[in-house]
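Below is one structure, written out as structure tokens; comments come after it.
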Amino acid sequence: MRVRFYDGVDDGLLKFAVIISKSDGKWVFCKHKERNTYEVPGGHREAGEKIDDTAERELKEETGAIDFTINPVCVYSVEGKNRVNAAGQETFGMLYFAEISKFESELHSEMEKVVLLDELPDEWTYPLIQPLLIAEYERRCN
């Protein structure tokens with residue numbers, strides 16, 4: 001598995017949006033109903049959708065965020081076979097950071113729950129990818 005970072009690529013290459021988030025100084029993570037691990041909100045871009053709209057939609061769907069600010073950080077790519085890329089070719093996504101100030105009272109998605117953590121989790125859904133995305137966010141933005 002190889003993760004790379006770019007300042008930009010052609011918009012047509014962007015297939016995913018991943019949103020590193022904090023609320024009240026704590027990391028925001030989601031737990032999917034079918035897994036026992038934690039993940040950063042994010043997902044696939046829909047046909048005809050702007051990548052910024054993908055990020056906002058996924059953040060709202062997966063965390064229940066209703067009051068937030070969101071900004072792009074950088075483009076990332078993943079090369080290698082994984083759960084969402086059976087062929088293993090290089091795929092591109094946009095990495096965002098969101099500060100969430102208000103959540104809905106309940107989730108309406110595939111996520112079982114949202115947790116706010118002081119420290120990063122030990123049990124990752126994508127352990128070879130998402131810790132690297134957070135490290136790049138911290139490198140670029142702190």
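Here, A, B, ... name the chains of the structure tokens in the order displayed, residue numbers run from 1 inside each chain, and ligands are numbered from 1 in the same displayed order.
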
(Q) List the spatial neighbours of segment 121-131 of chain A as number ranges by chain - criterion: any atom at most 7 Å away, only C-alpha atoms, same-chain residues fewer than 3 positions off excluded. (A) A: 3, 37-39, 134-135

Q. Among segment 24-114 of chain A, which residues carry a DSSP assignment of helix (DSSP H, G or I), reported as a PyMOL selection string?
A. chain A and resi 51-63

Output of the above residues as an mmCIF file, in the first residue's frame, restricted to C-alpha atoms:
data_model
loop_
_atom_site.group_PDB
_atom_site.id
_atom_site.type_symbol
_atom_site.label_atom_id
_atom_site.label_comp_id
_atom_site.auth_asym_id
_atom_site.auth_seq_id
_atom_site.Cartn_x
_atom_site.Cartn_y
_atom_site.Cartn_z
ATOM 1 C CA ILE A 51 -15.743 17.177 -4.738
ATOM 2 C CA ASP A 52 -16.417 19.908 -2.143
ATOM 3 C CA ASP A 53 -20.076 18.844 -2.152
ATOM 4 C CA THR A 54 -19.000 15.216 -1.670
ATOM 5 C CA ALA A 55 -17.049 16.238 1.427
ATOM 6 C CA GLU A 56 -19.961 18.159 2.930
ATOM 7 C CA ARG A 57 -22.453 15.389 2.130
ATOM 8 C CA GLU A 58 -20.278 12.636 3.614
ATOM 9 C CA LEU A 59 -19.510 14.685 6.737
ATOM 10 C CA LYS A 60 -23.221 15.309 7.334
ATOM 11 C CA GLU A 61 -24.248 11.710 6.572
ATOM 12 C CA GLU A 62 -21.575 9.964 8.608
ATOM 13 C CA THR A 63 -21.273 12.255 11.633
#

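When only C-alpha atoms are used to measure the gap to Ser77 of chain A, the shortest distance among A:Ala65, A:Tyr96, A:Thr91, A:Pro41 belongs to A:Thr91.
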
Q: Would you list, as a PyMOL selection string, the residues of segment 9-138 of chain A that end up in strand (DSSP E or B) under DSSP run on this structure's backbone?
A: chain A and resi 14-23+26-32+38-39+42-44+65-79+82+85+91-103+111-117+124

Q. For Val40 of chain A, which residue out of A:Val114, A:Lys102, A:Phe68, A:Glu79 is the nearest one, using only C-alpha atoms?
A.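 Closest residue, counting only C-alpha atoms: A:Val114.
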
Q. What lies within 8 Å of Ala98 of chain A using only C-alpha atoms, ignoring chain neighbours under 2 positions off, as a list in words?
A. Ile19, Ile20, Ser21, Lys22, Phe68, Thr69, Ile70, Asn71, Tyr96 and Ile100 of chain A

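Distances to Val28 of chain A were evaluated for A:Asp11, A:Glu99, A:Glu49, A:Glu106 using only C-alpha atoms, and the minimum falls at A:Glu99.
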
**Q.** Distance criterion (only C-alpha atoms): nearest to Leu133 of chain A out of A:Val115, A:Ala17, A:Val78, A:Leu95
**A.** A:Leu95

Q. Hey, can you check how far atom CA of Phe92 of chain A sits from atom CA of Val9 of chain A?
A.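 Going from atom CA of Phe92 of chain A over to atom CA of Val9 of chain A covers 8.4 Å.
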